[in-house]
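**Q** If it helps, the file is called upload_38.tsv and holds TSV, C-alpha atoms:
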chain	number	residue	atom	x	y	z
S	1038	MET	CA	-3.40	22.02	-18.46
S	1039	ASP	CA	-5.28	22.98	-15.29
S	1040	ASN	CA	-5.02	21.07	-12.02
S	1041	LYS	CA	-8.46	19.42	-12.34
S	1042	LEU	CA	-7.69	18.08	-15.81
S	1043	ALA	CA	-4.26	16.82	-14.76
S	1044	THR	CA	-5.78	15.13	-11.69
S	1045	ALA	CA	-8.49	13.44	-13.77
S	1046	LEU	CA	-5.89	12.13	-16.21
S	1047	GLN	CA	-3.68	10.89	-13.36
S	1048	LYS	CA	-6.58	9.12	-11.63
S	1049	ALA	CA	-7.99	7.55	-14.82
S	1050	LYS	CA	-5.64	4.56	-14.42
S	1051	ILE	CA	-5.87	3.48	-18.03
S	1052	LYS	CA	-4.55	-0.05	-18.44
S	1053	THR	CA	-1.69	-0.40	-20.87
S	1054	GLU	CA	1.07	-2.86	-21.60
S	1055	LYS	CA	4.51	-2.17	-20.13
S	1056	LEU	CA	6.77	-0.25	-22.47
S	1057	PRO	CA	10.15	-1.76	-23.34
S	1058	VAL	CA	13.27	-0.20	-21.83
S	1059	GLY	CA	14.45	2.92	-23.64
S	1060	LYS	CA	13.25	6.37	-24.66
S	1061	HIS	CA	9.92	6.68	-26.46
S	1062	GLU	CA	8.52	9.72	-28.24
S	1063	VAL	CA	5.02	10.74	-27.22
S	1064	ASN	CA	2.62	12.83	-29.27
S	1065	GLY	CA	-1.10	12.59	-28.88
S	1066	LEU	CA	-4.33	14.42	-28.31
S	1067	VAL	CA	-6.47	13.35	-25.36
S	1068	ARG	CA	-10.07	14.22	-24.50
S	1069	ILE	CA	-11.21	13.79	-20.89
S	1070	ASN	CA	-14.87	13.90	-19.90
S	1071	GLY	CA	-16.15	13.05	-16.45
S	1072	GLU	CA	-16.05	14.04	-12.80
S	1073	ILE	CA	-13.44	13.98	-10.08
S	1074	GLU	CA	-14.50	13.76	-6.45
S	1075	VAL	CA	-12.10	14.96	-3.77
S	1076	LYS	CA	-12.97	13.57	-0.35
S	1077	GLU	CA	-12.36	15.33	2.97
S	1078	ASP	CA	-8.87	15.32	4.46
S	1079	GLN	CA	-8.45	12.99	7.44
S	1080	GLU	CA	-6.28	12.60	10.49
S	1081	VAL	CA	-4.75	9.17	10.92
S	1082	THR	CA	-2.41	7.39	13.29
S	1083	PRO	CA	1.03	7.00	11.66
S	1084	THR	CA	1.37	3.28	12.45
S	1085	ALA	CA	3.57	2.55	9.43
S	1086	SER	CA	6.14	5.01	10.79
S	1087	ILE	CA	6.50	3.22	14.12
S	1088	LEU	CA	6.89	-0.26	12.68
S	1089	SER	CA	10.59	0.18	12.12
S	1090	VAL	CA	13.75	-1.80	12.78
S	1091	ASP	CA	14.48	0.54	15.71
S	1092	PHE	CA	11.09	-0.22	17.27
S	1093	LEU	CA	11.57	-3.95	16.75
S	1094	LEU	CA	15.09	-4.03	18.19
S	1095	LEU	CA	14.16	-1.94	21.23
S	1096	THR	CA	11.14	-4.18	21.85
S	1097	LEU	CA	13.31	-7.30	21.72
S	1098	ARG	CA	15.87	-5.66	24.02
S	1099	ALA	CA	13.12	-4.70	26.51
S	1100	ALA	CA	11.98	-8.34	26.43
S	1101	GLY	CA	15.45	-9.42	27.52
S	1102	VAL	CA	16.48	-10.97	24.21
S	1103	THR	CA	20.21	-10.95	23.50
S	1104	ARG	CA	21.52	-9.17	20.42
S	1105	GLU	CA	22.51	-12.43	18.71
S	1106	ALA	CA	19.16	-14.08	19.49
S	1107	ALA	CA	17.33	-10.99	18.22
S	1108	LEU	CA	19.28	-10.94	14.95
S	1109	ASN	CA	18.69	-14.68	14.45
S	1110	ALA	CA	14.97	-14.29	15.19
S	1111	ILE	CA	14.68	-11.39	12.73
S	1112	ALA	CA	16.46	-13.42	10.03
S	1113	ASP	CA	14.19	-16.43	10.63
S	1114	VAL	CA	10.97	-14.41	10.57
S	1115	ALA	CA	12.14	-12.43	7.52
S	1116	GLN	CA	12.78	-15.71	5.70
S	1117	ASP	CA	9.25	-16.88	6.54
S	1118	TYR	CA	7.78	-13.59	5.32
S	1119	LEU	CA	9.74	-13.85	2.07
S	1120	VAL	CA	7.30	-16.60	1.09
S	1121	ASP	CA	4.61	-13.91	0.76
S	1122	TRP	CA	6.68	-12.31	-2.01
S	1123	THR	CA	8.17	-15.30	-3.76
S	1124	GLY	CA	5.98	-18.32	-3.02
S	1125	SER	CA	3.16	-19.88	-4.96
S	1126	ASP	CA	-0.42	-19.08	-3.95
S	1127	SER	CA	-0.63	-22.30	-1.92
S	1128	ASP	CA	2.73	-21.53	-0.24
S	1129	LYS	CA	1.49	-18.05	0.66
S	1130	LYS	CA	-1.75	-19.41	2.16
S	1131	ALA	CA	0.15	-22.04	4.14
S	1132	ALA	CA	2.66	-19.46	5.43
S	1133	LYS	CA	-0.14	-17.11	6.51
S	1134	LYS	CA	-1.94	-19.95	8.28
S	1135	ALA	CA	1.30	-21.03	10.04
S	1136	ARG	CA	2.01	-17.44	11.16
S	1137	LYS	CA	-1.51	-17.05	12.52
S	1138	ALA	CA	-1.22	-20.35	14.41
S	1139	ALA	CA	2.19	-19.39	15.83
S	1140	ILE	CA	0.87	-16.01	17.03
S	1141	GLU	CA	-2.22	-17.61	18.58
S	1142	ALA	CA	-0.04	-20.21	20.35
S	1143	PHE	CA	2.32	-17.50	21.65
S	1144	ASP	CA	-0.43	-15.04	22.62
S	1145	PRO	CA	-3.74	-16.96	22.83
S	1146	GLU	CA	-5.58	-14.11	24.57
S	1147	GLY	CA	-4.42	-11.49	22.07
S	1148	LYS	CA	-2.87	-9.33	24.79
S	1149	GLY	CA	0.05	-8.37	22.55
S	1150	LYS	CA	-2.28	-6.97	19.92
S	1151	ALA	CA	-4.31	-5.20	22.61
S	1152	ALA	CA	-1.17	-3.64	24.12
S	1153	PHE	CA	-0.03	-2.47	20.68
S	1154	ASP	CA	-3.50	-1.07	19.91
S	1155	GLU	CA	-3.43	0.83	23.24
S	1156	PHE	CA	-0.04	2.27	22.34
S	1157	LYS	CA	-1.24	3.28	18.86
S	1158	ALA	CA	-4.23	5.09	20.38
S	1159	THR	CA	-1.84	7.41	22.25
S	1160	LEU	CA	0.04	8.48	19.12
S	1161	PRO	CA	-0.65	11.96	17.74
S	1162	LYS	CA	-2.73	12.07	14.59
S	1163	VAL	CA	-1.17	13.28	11.35
S	1164	PRO	CA	-2.99	14.81	8.38
S	1165	ARG	CA	-3.66	12.75	5.26
S	1166	ALA	CA	-5.12	14.23	2.09
S	1167	GLY	CA	-8.56	13.06	1.12
S	1168	SER	CA	-8.78	10.48	-1.63
S	1169	VAL	CA	-9.54	11.52	-5.20
S	1170	VAL	CA	-11.77	9.47	-7.50
S	1171	PHE	CA	-12.27	9.97	-11.25
S	1172	GLU	CA	-15.34	8.67	-13.04
S	1173	GLY	CA	-15.48	9.31	-16.73
S	1174	VAL	CA	-13.96	8.68	-20.11
S	1175	VAL	CA	-10.48	9.32	-21.47
S	1176	GLU	CA	-10.30	9.28	-25.24
S	1177	GLU	CA	-7.20	9.43	-27.41
S	1178	VAL	CA	-8.10	11.18	-30.63
S	1179	ALA	CA	-5.68	10.02	-33.34
S	1180	ALA	CA	-5.86	10.34	-37.15
S	1181	GLY	CA	-9.62	10.58	-37.22
S	1182	SER	CA	-10.24	7.57	-34.97
S	1183	VAL	CA	-11.18	7.58	-31.31
S	1184	LEU	CA	-9.78	5.03	-28.87
S	1185	ARG	CA	-11.98	4.97	-25.78
S	1186	GLU	CA	-11.06	4.08	-22.19
S	1187	GLU	CA	-13.76	4.29	-19.50
S	1188	ARG	CA	-13.03	4.55	-15.78
S	1189	SER	CA	-15.52	4.40	-12.98
S	1190	ALA	CA	-15.12	3.79	-9.27
When written as structure tokens, how does the structure in this file appear?
**A**
Amino acid sequence: MDNKLATALQKAKIKTEKLPVGKHEVNGLVRINGEIEVKEDQEVTPTASILSVDFLLLTLRAAGVTREAALNAIADVAQDYLVDWTGSDSDKKAAKKARKAAIEAFDPEGKGKAAFDEFKATLPKVPRAGSVVFEGVVEEVAAGSVLREERSA
């Protein structure tokens, strides 16, 4: 299988039901017809890399927060953020609204965000591969029948 065909199959994102736990034999014949578009590589700021526990703890230390107060604050905020993963839709909306209000009350002029944005602008850019999009049809050809899955961006 060549790289273009493998990429098209990978990007087709055919929706299926989750398989049960265990080993499953696979044997099939697949036909792929369509186009893949590979976009230009980019340079991006690695902001996800800097948002670490180290960064957070050093920021709290620089702000004069004691170790115990910092650990308690992290635990409290983490508990609030857990709602975004475990809460109902209404709980999630309420938590997001409460966070936004708390941030606006703490930093009404948005200077914290501006300072962080300034810092991010000084970071070196890192390469990121261009996105790949597949538009086309993936067909499983089995025992004389054709099951058809279409994908388009």
**Q** At what distance in Å, to one decimal, does atom CA of Ala1132 of chain S lie from atom CA of Asp1117 of chain S?
**A** 7.2 Å
**Q** Using all atoms listed in the file, which residues of segment 1108-1190 of chain S come within 12 Å of segment 1072-1095 of chain S, and what is the closest atom pair for each, with the distance in Å to one decimal? Give it as a Markdown table, sorted by chain and residue number.
**A**
| residue | atom | partner | partner_atom | distance |
| --- | --- | --- | --- | --- |
| S:Leu1108 | CA | S:Leu1094 | CA | 8.7 |
| S:Asn1109 | CA | S:Leu1094 | CA | 11.8 |
| S:Ala1110 | CA | S:Leu1094 | CA | 10.7 |
| S:Ile1111 | CA | S:Leu1093 | CA | 9.0 |
| S:Ala1115 | CA | S:Val1090 | CA | 12.0 |
| S:Phe1153 | CA | S:Thr1084 | CA | 10.1 |
| S:Asp1154 | CA | S:Thr1084 | CA | 9.9 |
| S:Glu1155 | CA | S:Thr1082 | CA | 12.0 |
| S:Phe1156 | CA | S:Thr1084 | CA | 10.0 |
| S:Lys1157 | CA | S:Thr1084 | CA | 6.9 |
| S:Ala1158 | CA | S:Thr1082 | CA | 7.7 |
| S:Thr1159 | CA | S:Thr1082 | CA | 9.0 |
| S:Leu1160 | CA | S:Thr1082 | CA | 6.4 |
| S:Pro1161 | CA | S:Thr1082 | CA | 6.6 |
| S:Lys1162 | CA | S:Thr1082 | CA | 4.9 |
| S:Val1163 | CA | S:Glu1080 | CA | 5.2 |
| S:Pro1164 | CA | S:Glu1080 | CA | 4.5 |
| S:Arg1165 | CA | S:Gln1079 | CA | 5.3 |
| S:Ala1166 | CA | S:Asp1078 | CA | 4.6 |
| S:Gly1167 | CA | S:Asp1078 | CA | 4.0 |
| S:Ser1168 | CA | S:Lys1076 | CA | 5.4 |
| S:Val1169 | CA | S:Val1075 | CA | 4.5 |
| S:Val1170 | CA | S:Glu1074 | CA | 5.2 |
| S:Phe1171 | CA | S:Ile1073 | CA | 4.3 |
| S:Glu1172 | CA | S:Glu1072 | CA | 5.4 |
| S:Gly1173 | CA | S:Glu1072 | CA | 6.2 |
| S:Val1174 | CA | S:Glu1072 | CA | 9.3 |
| S:Val1175 | CA | S:Glu1072 | CA | 11.3 |
| S:Arg1188 | CA | S:Glu1072 | CA | 10.4 |
| S:Ser1189 | CA | S:Glu1072 | CA | 9.7 |
| S:Ala1190 | CA | S:Ile1073 | CA | 10.4 |
**Q** Interatomic distance between atom CA of Lys1129 of chain S and atom CA of Asp1113 of chain S?
**A** 16.2 Å
**Q** Take every atom of segment 1094-1108 of chain S listed in the file, pad by 5 Å on each side, and give me the axis-aligned box centre and edge lengths in Å, one decimal, as JSON.
**A**
{"center_x": 16.8, "center_y": -8.0, "center_z": 21.2, "size_x": 21.4, "size_y": 22.1, "size_z": 22.6}
**Q** Between atom CA of Leu1046 of chain S and atom CA of Ile1069 of chain S, what is the distance, to one decimal in Å?
**A** 7.3 Å
**Q** Counting all atoms listed in the file, which of S:Val1120, S:Gly1149, S:Glu1054, S:Lys1048 gets nearest to Arg1136 of chain S?
**A**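 With all atoms listed in the file as the atom set, the closest residue is S:Val1120.
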**Q** Save segment 1076-1166 of chain S to a file: C-alpha atoms, as a JSON list (two decimals), in the first residue's frame.
**A**
[["chain", "number", "residue", "atom", "x", "y", "z"],
["S", 1076, "LYS", "CA", -1.75, 21.83, 3.29],
["S", 1077, "GLU", "CA", 1.46, 23.83, 3.80],
["S", 1078, "ASP", "CA", 3.53, 23.23, 6.93],
["S", 1079, "GLN", "CA", 3.28, 26.01, 9.51],
["S", 1080, "GLU", "CA", 5.29, 27.48, 12.34],
["S", 1081, "VAL", "CA", 3.40, 27.84, 15.60],
["S", 1082, "THR", "CA", 4.04, 28.99, 19.14],
["S", 1083, "PRO", "CA", 4.31, 25.95, 21.45],
["S", 1084, "THR", "CA", 1.90, 27.31, 24.08],
["S", 1085, "ALA", "CA", 0.75, 23.86, 25.21],
["S", 1086, "SER", "CA", 4.33, 23.05, 26.18],
["S", 1087, "ILE", "CA", 4.66, 26.02, 28.53],
["S", 1088, "LEU", "CA", 1.39, 25.47, 30.35],
["S", 1089, "SER", "CA", 2.93, 22.98, 32.74],
["S", 1090, "VAL", "CA", 2.93, 22.35, 36.46],
["S", 1091, "ASP", "CA", 6.45, 23.81, 36.61],
["S", 1092, "PHE", "CA", 5.27, 27.03, 34.97],
["S", 1093, "LEU", "CA", 2.28, 27.24, 37.29],
["S", 1094, "LEU", "CA", 4.28, 26.61, 40.47],
["S", 1095, "LEU", "CA", 7.01, 29.09, 39.53],
["S", 1096, "THR", "CA", 4.36, 31.71, 38.71],
["S", 1097, "LEU", "CA", 2.70, 31.21, 42.10],
["S", 1098, "ARG", "CA", 6.10, 31.37, 43.83],
["S", 1099, "ALA", "CA", 6.95, 34.61, 41.99],
["S", 1100, "ALA", "CA", 3.61, 36.01, 43.17],
["S", 1101, "GLY", "CA", 4.64, 35.35, 46.76],
["S", 1102, "VAL", "CA", 2.25, 32.47, 47.38],
["S", 1103, "THR", "CA", 3.38, 29.94, 49.97],
["S", 1104, "ARG", "CA", 3.84, 26.31, 48.98],
["S", 1105, "GLU", "CA", 0.85, 25.17, 51.05],
["S", 1106, "ALA", "CA", -1.40, 27.94, 49.70],
["S", 1107, "ALA", "CA", -0.29, 27.12, 46.14],
["S", 1108, "LEU", "CA", -1.05, 23.41, 46.56],
["S", 1109, "ASN", "CA", -4.46, 24.20, 48.09],
["S", 1110, "ALA", "CA", -5.26, 26.65, 45.28],
["S", 1111, "ILE", "CA", -4.27, 24.09, 42.63],
["S", 1112, "ALA", "CA", -6.45, 21.44, 44.28],
["S", 1113, "ASP", "CA", -9.43, 23.83, 44.47],
["S", 1114, "VAL", "CA", -9.14, 24.97, 40.85],
["S", 1115, "ALA", "CA", -8.58, 21.39, 39.65],
["S", 1116, "GLN", "CA", -11.77, 20.35, 41.43],
["S", 1117, "ASP", "CA", -13.67, 23.16, 39.69],
["S", 1118, "TYR", "CA", -12.25, 22.14, 36.31],
["S", 1119, "LEU", "CA", -13.24, 18.52, 36.92],
["S", 1120, "VAL", "CA", -16.83, 19.63, 36.32],
["S", 1121, "ASP", "CA", -15.92, 20.12, 32.65],
["S", 1122, "TRP", "CA", -15.17, 16.39, 32.43],
["S", 1123, "THR", "CA", -17.78, 14.90, 34.71],
["S", 1124, "GLY", "CA", -20.66, 17.36, 35.01],
["S", 1125, "SER", "CA", -23.91, 17.61, 33.15],
["S", 1126, "ASP", "CA", -24.21, 20.12, 30.29],
["S", 1127, "SER", "CA", -25.85, 22.65, 32.61],
["S", 1128, "ASP", "CA", -23.13, 22.10, 35.25],
["S", 1129, "LYS", "CA", -20.45, 22.65, 32.61],
["S", 1130, "LYS", "CA", -22.08, 25.89, 31.41],
["S", 1131, "ALA", "CA", -22.45, 27.15, 34.98],
["S", 1132, "ALA", "CA", -18.82, 26.29, 35.81],
["S", 1133, "LYS", "CA", -17.56, 28.07, 32.69],
["S", 1134, "LYS", "CA", -19.65, 31.14, 33.51],
["S", 1135, "ALA", "CA", -18.39, 31.15, 37.13],
["S", 1136, "ARG", "CA", -14.75, 30.85, 35.98],
["S", 1137, "LYS", "CA", -15.17, 33.70, 33.52],
["S", 1138, "ALA", "CA", -16.75, 35.89, 36.21],
["S", 1139, "ALA", "CA", -13.99, 35.04, 38.71],
["S", 1140, "ILE", "CA", -11.28, 35.91, 36.16],
["S", 1141, "GLU", "CA", -13.00, 39.17, 35.22],
["S", 1142, "ALA", "CA", -13.35, 40.11, 38.91],
["S", 1143, "PHE", "CA", -9.67, 39.30, 39.57],
["S", 1144, "ASP", "CA", -8.35, 40.94, 36.38],
["S", 1145, "PRO", "CA", -11.07, 43.30, 35.04],
["S", 1146, "GLU", "CA", -8.71, 45.00, 32.56],
["S", 1147, "GLY", "CA", -7.39, 41.72, 31.16],
["S", 1148, "LYS", "CA", -3.79, 42.64, 31.97],
["S", 1149, "GLY", "CA", -2.95, 39.04, 32.92],
["S", 1150, "LYS", "CA", -4.02, 37.78, 29.52],
["S", 1151, "ALA", "CA", -2.15, 40.62, 27.82],
["S", 1152, "ALA", "CA", 1.03, 39.84, 29.79],
["S", 1153, "PHE", "CA", 0.76, 36.16, 28.90],
["S", 1154, "ASP", "CA", 0.13, 37.00, 25.23],
["S", 1155, "GLU", "CA", 3.24, 39.23, 25.25],
["S", 1156, "PHE", "CA", 5.28, 36.39, 26.71],
["S", 1157, "LYS", "CA", 3.93, 33.92, 24.13],
["S", 1158, "ALA", "CA", 4.91, 36.30, 21.31],
["S", 1159, "THR", "CA", 8.56, 36.03, 22.39],
["S", 1160, "LEU", "CA", 8.65, 32.24, 22.21],
["S", 1161, "PRO", "CA", 10.46, 30.63, 19.27],
["S", 1162, "LYS", "CA", 8.22, 29.11, 16.63],
["S", 1163, "VAL", "CA", 8.24, 25.35, 16.10],
["S", 1164, "PRO", "CA", 7.31, 23.51, 12.91],
["S", 1165, "ARG", "CA", 3.94, 21.78, 12.59],
["S", 1166, "ALA", "CA", 3.02, 19.60, 9.64]]
